[in-house]
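Enquirer: This structure is in structure tokens; I'll ask about it shortly.
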Amino acid sequence: MTNRIYNFSAGPAVLPVEVLEEARDNLLSLGTTGIGILEHSHRGKAYMAMHEEVEALCRELAGIPDDFHVLFLQGGASLQFSMVPMNLLRPGTTADYLVTGAWSQKAVVEARRCGNVHLASSSEDRNFCYIPKTCTFSPQPAYVHFTSNNTIFGTQFAAEPEIPSGVPLVCDASSDVFSRPLLIGKYALIYAGSQKNLGPSGLTLVIIRDDLVKRGPKELATMLQYRTYADEHSLYNTPPTFAIYVMGLVLKWIKKQGGLAAIERINREKAGKLYRCLDGSRRFRATAEPGSRSLMNVTFVTGDAALDDKFIAAAKSAGLEGLKGHRSVGGMRASLYNAFPPAGVDALTDLIRDFDARES
Ligand SMILES: Cc1ncc(COP(=O)(O)O)c(C=O)c1O
């Protein structure tokens with residue numbers, strides 16, 4: 001095997017080695033079928049059995065009841081920025097958006113093409129370094145949309161926002177889906193691109209309550225209606241078969257770790273260790289406010305761009321890749337998704353301490 005290094009990339013991101021090994025073993029023949037996983041027809045028995053198993057695993061791990069559909073789409077989370085308002089926001093109605101980063105802003109741009117948008121809260125005033133504590137909702141929102149984890153700014157909702165009762169809550173959970181137990185009853189629709197916590201890119205997981213599917217307009221293009229995917233079990237057209245297969249392996253891996261509660265414990269330990277190290281550092285500081293800090297993407301800076309670059313270069317030569325922060329925050333970002341190994345956090349905290357000692 002080639003030597004693997006610590007990959008802190010924000011996505012596509014690290015996957016468990018045992019998942020990659022199993023996928024590799026099934027490339028030439030899925031089980032004893034004599035046909036590789038990339039080559040199986042999506043209408044064939046072998047694929048169909050796997051497709052159903054992946055949906056069942058999603059339901060089991062996250063406790064998703066029967067009145068929710070589990071759908072496999074394409075187009076990334078970005079297409080959901082459009083599909084959500086196309087299906088849920090009728091002309092003349094208003095959707096409320098909680099704006100906590102660049103991805104929520106993009107979602108707002110698309111929603112405005114379909115109807116009225118009310119910004120119920122925003123943390124733009126301080127470059128999105130915090131999650132606002134209060135929201136001001138419009139009188140009768142069609143739905144409330146929020147981004148549970150802000151991949152770029154390193155902030156995360158510790159819990160679901162409190163919203164008026166009866167209003168559908170819609171969540172972009174692209175960068176923290178299945179990183180902790182899911183209180184599905186609080187949501188009407190959850191969507192997530194797969195390339196951070198679920199598998200390779202190319203698949204978008206959508207979990208949607210049945211009444212929202214039924215309410216969607218029928219005059220939309222077929223591929224833009226949730227109904228199409230719900231009615232056809234995500235097999236109206238060719239689904240992203242390989243990404244679904246790998247997501248299934250990742251879900252089995254999560255189950256083996258003990259499920260979502262166990263995964264959350266591990267994620268808390270990993271992120272906690274890194275934040276404690278940053279809080280104790282002379283040179284580095286986390287950019288997100290305590291209380292709003294993400295367990296998935298830890299953003300930090302030295303306050304000196306040249307020193308940040310020096311640190312990133314030192315990390316690279318020590319086998320720590322993907323630490324450069326997004327240009328809108330600068331500095332560093334360590335993405336610690338489910339599959340990121342705890343030993344990689346130890347390697348990073350050791351390097352931070354070394355750097356602190358050398359550069360002060
Ligand atoms: C929170 C969030 N939403 C949406 C997106 C866009 O996802 P995609 O590239 O799958 O369209 C990203 C990508 O990083 C993200 O982090």
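Simple scheme: letters A, B, ... for chains in structure tokens order, numbers from 1 for residues in each chain, numbers from 1 for ligands in the order shown.
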Given only C-alpha atoms and all ligand atoms, how would the per-residue table for chain A near ligand 1 read, listing every residue at most 6 Å away with its closest atom pair and distance in Å to one decimal, sorted by chain and number, as JSON lines?
Expert:
{"residue": "A:Gly76", "atom": "CA", "partner": "ligand 1", "partner_atom_place_in_ligand_line": "10 (O)", "distance": 3.4}
{"residue": "A:Ala77", "atom": "CA", "partner": "ligand 1", "partner_atom_place_in_ligand_line": "11 (O)", "distance": 4.0}
{"residue": "A:Ser78", "atom": "CA", "partner": "ligand 1", "partner_atom_place_in_ligand_line": "11 (O)", "distance": 3.6}
{"residue": "A:Trp103", "atom": "CA", "partner": "ligand 1", "partner_atom_place_in_ligand_line": "3 (N)", "distance": 5.0}
{"residue": "A:Asn149", "atom": "CA", "partner": "ligand 1", "partner_atom_place_in_ligand_line": "1 (C)", "distance": 6.0}
{"residue": "A:Asn150", "atom": "CA", "partner": "ligand 1", "partner_atom_place_in_ligand_line": "1 (C)", "distance": 5.4}
{"residue": "A:Thr151", "atom": "CA", "partner": "ligand 1", "partner_atom_place_in_ligand_line": "16 (O)", "distance": 4.7}
{"residue": "A:Asp172", "atom": "CA", "partner": "ligand 1", "partner_atom_place_in_ligand_line": "3 (N)", "distance": 5.9}
{"residue": "A:Ser174", "atom": "CA", "partner": "ligand 1", "partner_atom_place_in_ligand_line": "1 (C)", "distance": 4.8}
{"residue": "A:Ser175", "atom": "CA", "partner": "ligand 1", "partner_atom_place_in_ligand_line": "16 (O)", "distance": 5.3}
{"residue": "A:Gly193", "atom": "CA", "partner": "ligand 1", "partner_atom_place_in_ligand_line": "10 (O)", "distance": 4.3}
Enquirer: Skipping near chain neighbours, those fewer than 5 positions away, what residues fall within 8 Å of segment 34-47 of chain A using only C-alpha atoms, listed as a ChimeraX atom specification?
Expert: /A:26-29,235,238-239,241-242,245
Enquirer: Of the candidates A:Leu348, A:Tyr97, A:Lys273, A:Val246, which one gets nearest to Glu18 of chain A if we count only C-alpha atoms?
Expert: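 The closest residue to Glu18 of chain A is A:Val246.
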Enquirer: I need the residues of segment 47-209 of chain A that end up classed as strand (DSSP E or B) by DSSP on the backbone, written out as a ChimeraX atom specification.
Expert: /A:68-73,94-99,116-122,144-147,149-150,155-156,169-172,189-193,204-209
Enquirer: Which residues in segment 194-344 of chain A does DSSP call helix (DSSP H, G or I)? List them as a count of residues only.
Expert: 68
Enquirer: Do you know which residues are at most 12 Å from Ala230 of chain A counting only C-alpha atoms, after dropping those on the same chain fewer than 3 positions away, and could you put them as a list in words?
Expert: Asp67, Phe68, His69, Val70, Leu71, Phe72, Leu73, Val206, Ile207, Ile208, Arg209, Asp210, Asp211, Leu212, Val213, Lys214, Gly216, Thr222, Met223, Leu224, Gln225, Tyr226, Arg227, His233, Ser234, Leu235 and Tyr236 of chain A
Enquirer: Those residues with N, CA and C atoms, as an mmCIF file, in the first residue's frame please?
Expert:
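Everything below was put into again.cif:
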data_model
loop_
_atom_site.group_PDB
_atom_site.id
_atom_site.type_symbol
_atom_site.label_atom_id
_atom_site.label_comp_id
_atom_site.auth_asym_id
_atom_site.auth_seq_id
_atom_site.Cartn_x
_atom_site.Cartn_y
_atom_site.Cartn_z
ATOM 1 N N ASP A 67 -42.427 7.983 7.713
ATOM 2 C CA ASP A 67 -43.034 9.133 7.025
ATOM 3 C C ASP A 67 -41.975 10.071 6.438
ATOM 4 N N PHE A 68 -40.719 9.631 6.480
ATOM 5 C CA PHE A 68 -39.652 10.368 5.783
ATOM 6 C C PHE A 68 -39.123 9.512 4.636
ATOM 7 N N HIS A 69 -38.796 10.156 3.535
ATOM 8 C CA HIS A 69 -38.122 9.473 2.423
ATOM 9 C C HIS A 69 -36.625 9.680 2.554
ATOM 10 N N VAL A 70 -35.871 8.669 2.173
ATOM 11 C CA VAL A 70 -34.408 8.793 2.087
ATOM 12 C C VAL A 70 -34.079 8.735 0.602
ATOM 13 N N LEU A 71 -33.586 9.848 0.063
ATOM 14 C CA LEU A 71 -33.412 9.949 -1.390
ATOM 15 C C LEU A 71 -31.945 10.136 -1.763
ATOM 16 N N PHE A 72 -31.586 9.577 -2.915
ATOM 17 C CA PHE A 72 -30.222 9.710 -3.424
ATOM 18 C C PHE A 72 -30.271 10.547 -4.704
ATOM 19 N N LEU A 73 -29.737 11.752 -4.617
ATOM 20 C CA LEU A 73 -29.778 12.669 -5.754
ATOM 21 C C LEU A 73 -28.367 12.987 -6.235
ATOM 22 N N VAL A 206 -30.833 13.218 0.594
ATOM 23 C CA VAL A 206 -31.959 14.084 0.985
ATOM 24 C C VAL A 206 -32.907 13.255 1.847
ATOM 25 N N ILE A 207 -33.197 13.771 3.022
ATOM 26 C CA ILE A 207 -34.156 13.111 3.921
ATOM 27 C C ILE A 207 -35.333 14.079 4.034
ATOM 28 N N ILE A 208 -36.485 13.664 3.567
ATOM 29 C CA ILE A 208 -37.602 14.617 3.454
ATOM 30 C C ILE A 208 -38.907 13.984 3.921
ATOM 31 N N ARG A 209 -39.690 14.781 4.675
ATOM 32 C CA ARG A 209 -40.981 14.291 5.182
ATOM 33 C C ARG A 209 -41.983 14.186 4.038
ATOM 34 N N ASP A 210 -42.804 13.164 4.112
ATOM 35 C CA ASP A 210 -43.693 12.836 2.994
ATOM 36 C C ASP A 210 -44.651 13.974 2.629
ATOM 37 N N ASP A 211 -45.158 14.720 3.627
ATOM 38 C CA ASP A 211 -46.138 15.755 3.279
ATOM 39 C C ASP A 211 -45.503 16.857 2.421
ATOM 40 N N LEU A 212 -44.212 17.088 2.585
ATOM 41 C CA LEU A 212 -43.537 18.097 1.756
ATOM 42 C C LEU A 212 -43.397 17.605 0.315
ATOM 43 N N VAL A 213 -43.140 16.311 0.193
ATOM 44 C CA VAL A 213 -43.035 15.727 -1.160
ATOM 45 C C VAL A 213 -44.379 15.896 -1.865
ATOM 46 N N LYS A 214 -45.439 15.572 -1.162
ATOM 47 C CA LYS A 214 -46.791 15.601 -1.758
ATOM 48 C C LYS A 214 -47.197 17.018 -2.133
ATOM 49 N N GLY A 216 -45.326 19.420 -3.191
ATOM 50 C CA GLY A 216 -44.480 20.041 -4.225
ATOM 51 C C GLY A 216 -45.222 20.234 -5.532
ATOM 52 N N THR A 222 -39.266 17.245 -14.313
ATOM 53 C CA THR A 222 -39.337 15.962 -13.602
ATOM 54 C C THR A 222 -38.174 15.773 -12.626
ATOM 55 N N MET A 223 -36.966 16.053 -13.096
ATOM 56 C CA MET A 223 -35.773 15.799 -12.286
ATOM 57 C C MET A 223 -35.636 16.789 -11.129
ATOM 58 N N LEU A 224 -36.460 17.839 -11.120
ATOM 59 C CA LEU A 224 -36.356 18.828 -10.045
ATOM 60 C C LEU A 224 -37.427 18.650 -8.974
ATOM 61 N N GLN A 225 -38.281 17.642 -9.164
ATOM 62 C CA GLN A 225 -39.328 17.369 -8.165
ATOM 63 C C GLN A 225 -38.857 16.258 -7.223
ATOM 64 N N TYR A 226 -38.988 16.479 -5.920
ATOM 65 C CA TYR A 226 -38.656 15.418 -4.962
ATOM 66 C C TYR A 226 -39.543 14.197 -5.198
ATOM 67 N N ARG A 227 -40.760 14.457 -5.655
ATOM 68 C CA ARG A 227 -41.729 13.383 -5.904
ATOM 69 C C ARG A 227 -41.154 12.294 -6.824
ATOM 70 N N HIS A 233 -38.006 5.451 -5.771
ATOM 71 C CA HIS A 233 -36.905 4.986 -4.909
ATOM 72 C C HIS A 233 -35.547 5.418 -5.428
ATOM 73 N N SER A 234 -35.470 6.639 -5.902
ATOM 74 C CA SER A 234 -34.219 7.224 -6.431
ATOM 75 C C SER A 234 -33.689 6.445 -7.627
ATOM 76 N N LEU A 235 -34.597 5.764 -8.345
ATOM 77 C CA LEU A 235 -34.172 4.991 -9.526
ATOM 78 C C LEU A 235 -34.959 5.408 -10.764
ATOM 79 N N TYR A 236 -35.420 6.658 -10.790
ATOM 80 C CA TYR A 236 -36.093 7.156 -11.995
ATOM 81 C C TYR A 236 -35.105 7.156 -13.155
#
Enquirer: Separation of atom CA of Gly115 of chain A and atom CA of Leu88 of chain A, in Å?
Expert: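 Between atom CA of Gly115 of chain A and atom CA of Leu88 of chain A the gap is 9.8 Å.
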Enquirer: Neighbouring residues of Lys270 of chain A were defined as those with any atom within 9 Å, considering only C-alpha atoms; residues of the same chain fewer than 2 positions away were excluded. Please report them as a ChimeraX atom specification.
Expert: /A:265-268,272-275,295,336,340-342,345-346
Enquirer: Could you write those residues out with N, CA, C and O atoms, as a short mmCIF file (atom, residue, chain, number, x, y, z; two decimals), in the first residue's frame?
Expert:
data_model
loop_
_atom_site.label_atom_id
_atom_site.label_comp_id
_atom_site.auth_asym_id
_atom_site.auth_seq_id
_atom_site.Cartn_x
_atom_site.Cartn_y
_atom_site.Cartn_z
N ARG A 265 -19.08 11.08 20.32
CA ARG A 265 -18.10 11.09 21.41
C ARG A 265 -16.68 11.20 20.87
O ARG A 265 -15.88 12.00 21.34
N ILE A 266 -16.41 10.42 19.84
CA ILE A 266 -15.06 10.46 19.25
C ILE A 266 -14.80 11.84 18.63
O ILE A 266 -13.72 12.41 18.80
N ASN A 267 -15.80 12.37 17.93
CA ASN A 267 -15.64 13.69 17.31
C ASN A 267 -15.38 14.77 18.36
O ASN A 267 -14.57 15.68 18.16
N ARG A 268 -16.10 14.67 19.49
CA ARG A 268 -15.90 15.65 20.58
C ARG A 268 -14.48 15.56 21.14
O ARG A 268 -13.85 16.57 21.44
N GLY A 272 -12.08 18.60 20.72
CA GLY A 272 -11.78 19.17 22.04
C GLY A 272 -10.27 19.27 22.26
O GLY A 272 -9.76 20.27 22.77
N LYS A 273 -9.57 18.23 21.87
CA LYS A 273 -8.11 18.21 22.03
C LYS A 273 -7.46 19.34 21.24
O LYS A 273 -6.59 20.05 21.75
N LEU A 274 -7.94 19.54 20.02
CA LEU A 274 -7.34 20.60 19.18
C LEU A 274 -7.69 21.99 19.72
O LEU A 274 -6.82 22.87 19.81
N TYR A 275 -8.93 22.20 20.13
CA TYR A 275 -9.30 23.52 20.67
C TYR A 275 -8.53 23.81 21.96
O TYR A 275 -8.08 24.94 22.19
N LEU A 295 -17.22 21.08 15.53
CA LEU A 295 -16.46 19.86 15.81
C LEU A 295 -15.88 19.27 14.52
O LEU A 295 -15.07 18.36 14.56
N LEU A 336 -12.03 17.69 10.59
CA LEU A 336 -11.93 16.47 11.41
C LEU A 336 -13.21 15.65 11.29
O LEU A 336 -13.89 15.40 12.27
N PHE A 340 -11.67 10.99 10.10
CA PHE A 340 -10.32 11.51 10.36
C PHE A 340 -9.77 10.83 11.63
O PHE A 340 -10.40 10.86 12.69
N PRO A 341 -8.58 10.24 11.53
CA PRO A 341 -8.08 9.45 12.67
C PRO A 341 -7.59 10.31 13.84
O PRO A 341 -6.94 11.35 13.62
N PRO A 342 -7.89 9.91 15.09
CA PRO A 342 -7.42 10.66 16.27
C PRO A 342 -5.90 10.88 16.26
O PRO A 342 -5.43 11.92 16.71
N VAL A 345 -4.89 14.13 14.82
CA VAL A 345 -5.07 15.29 15.71
C VAL A 345 -3.85 15.41 16.62
O VAL A 345 -3.33 16.51 16.86
N ASP A 346 -3.37 14.27 17.10
CA ASP A 346 -2.15 14.29 17.95
C ASP A 346 -0.97 14.85 17.16
O ASP A 346 -0.19 15.65 17.68
#
Enquirer: Would you mind telling me which residue in A:Thr100, A:Asn7, A:Gln80, A:Gln257 lies nearest to Tyr130 of chain A when using only C-alpha atoms?
Expert: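 Smallest distance to Tyr130 of chain A is found for A:Thr100.
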Enquirer: With only C-alpha atoms as the atoms that count, which of A:Ala343, A:Ala95, A:Val298, A:Ala357 lies nearest to Ser9 of chain A?
Expert: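 Smallest separation from Ser9 of chain A among the options: A:Val298.
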Enquirer: Write out as a ChimeraX atom specification which residues come within 6 Å of segment 134-140 of chain A when counting only C-alpha atoms, dropping same-chain ones fewer than 2 positions away.
Expert: /A:120-121,132
Enquirer: Please provide the set of residues having any atom within 8 Å of Leu182 of chain A, restricted to only C-alpha atoms, with same-chain residues fewer than 3 positions apart removed, written as a PDB file with N, CA and C atoms, in the first residue's frame.
Expert:
ATOM      1  N   ALA A  62     -29.798   6.588  11.772  1.00  0.00           N
ATOM      2  CA  ALA A  62     -30.293   7.913  12.154  1.00  0.00           C
ATOM      3  C   ALA A  62     -31.695   7.867  12.728  1.00  0.00           C
ATOM      4  N   GLY A  63     -32.294   6.668  12.815  1.00  0.00           N
ATOM      5  CA  GLY A  63     -33.646   6.561  13.372  1.00  0.00           C
ATOM      6  C   GLY A  63     -34.665   7.312  12.532  1.00  0.00           C
ATOM      7  N   PHE A 178     -24.580  12.947  10.023  1.00  0.00           N
ATOM      8  CA  PHE A 178     -24.182  11.669  10.638  1.00  0.00           C
ATOM      9  C   PHE A 178     -22.904  11.792  11.480  1.00  0.00           C
TER      10      PHE A 178
END
Enquirer: Name the residues in contact with segment 54-60 of chain A at a cut-off of 7 Å, using only C-alpha atoms, excluding same-chain residues fewer than 3 positions from it; report them as a list in words.
Expert: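 My list of contacting residues is Met50, His51, Gly63, Ile64, Val70, Gly248 and Leu251 of chain A.
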Enquirer: Would you mind telling me which residue in A:Leu61, A:Ala102, A:Ile131, A:Ala23 lies nearest to Ala262 of chain A when using only C-alpha atoms?
Expert: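 For Ala262 of chain A, the nearest of the candidates is A:Leu61.
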Enquirer: Find the residue from A:Gly11, A:Pro91, A:Pro141, A:Pro16 that sits nearest to Val250 of chain A; use only C-alpha atoms when measuring.
Expert: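 For Val250 of chain A, the nearest of the candidates is A:Pro16.
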Enquirer: If you measure from atom CA of Pro240 of chain A to atom CA of Gly75 of chain A, what distance in Å do you get, rounded to one decimal?
Expert: 10.5 Å
Enquirer: Using only C-alpha atoms, which of the listed residues (A:Cys129, A:Ile312, A:Leu89, A:Val170) sits closest to Asn116 of chain A?
Expert: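 Comparing A:Cys129, A:Ile312, A:Leu89, A:Val170 against Asn116 of chain A, the winner is A:Leu89.
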Enquirer: Separation of atom CA of Val117 of chain A and atom CA of Thr94 of chain A, in Å?
Expert: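 These atoms are spaced 5.4 Å apart.
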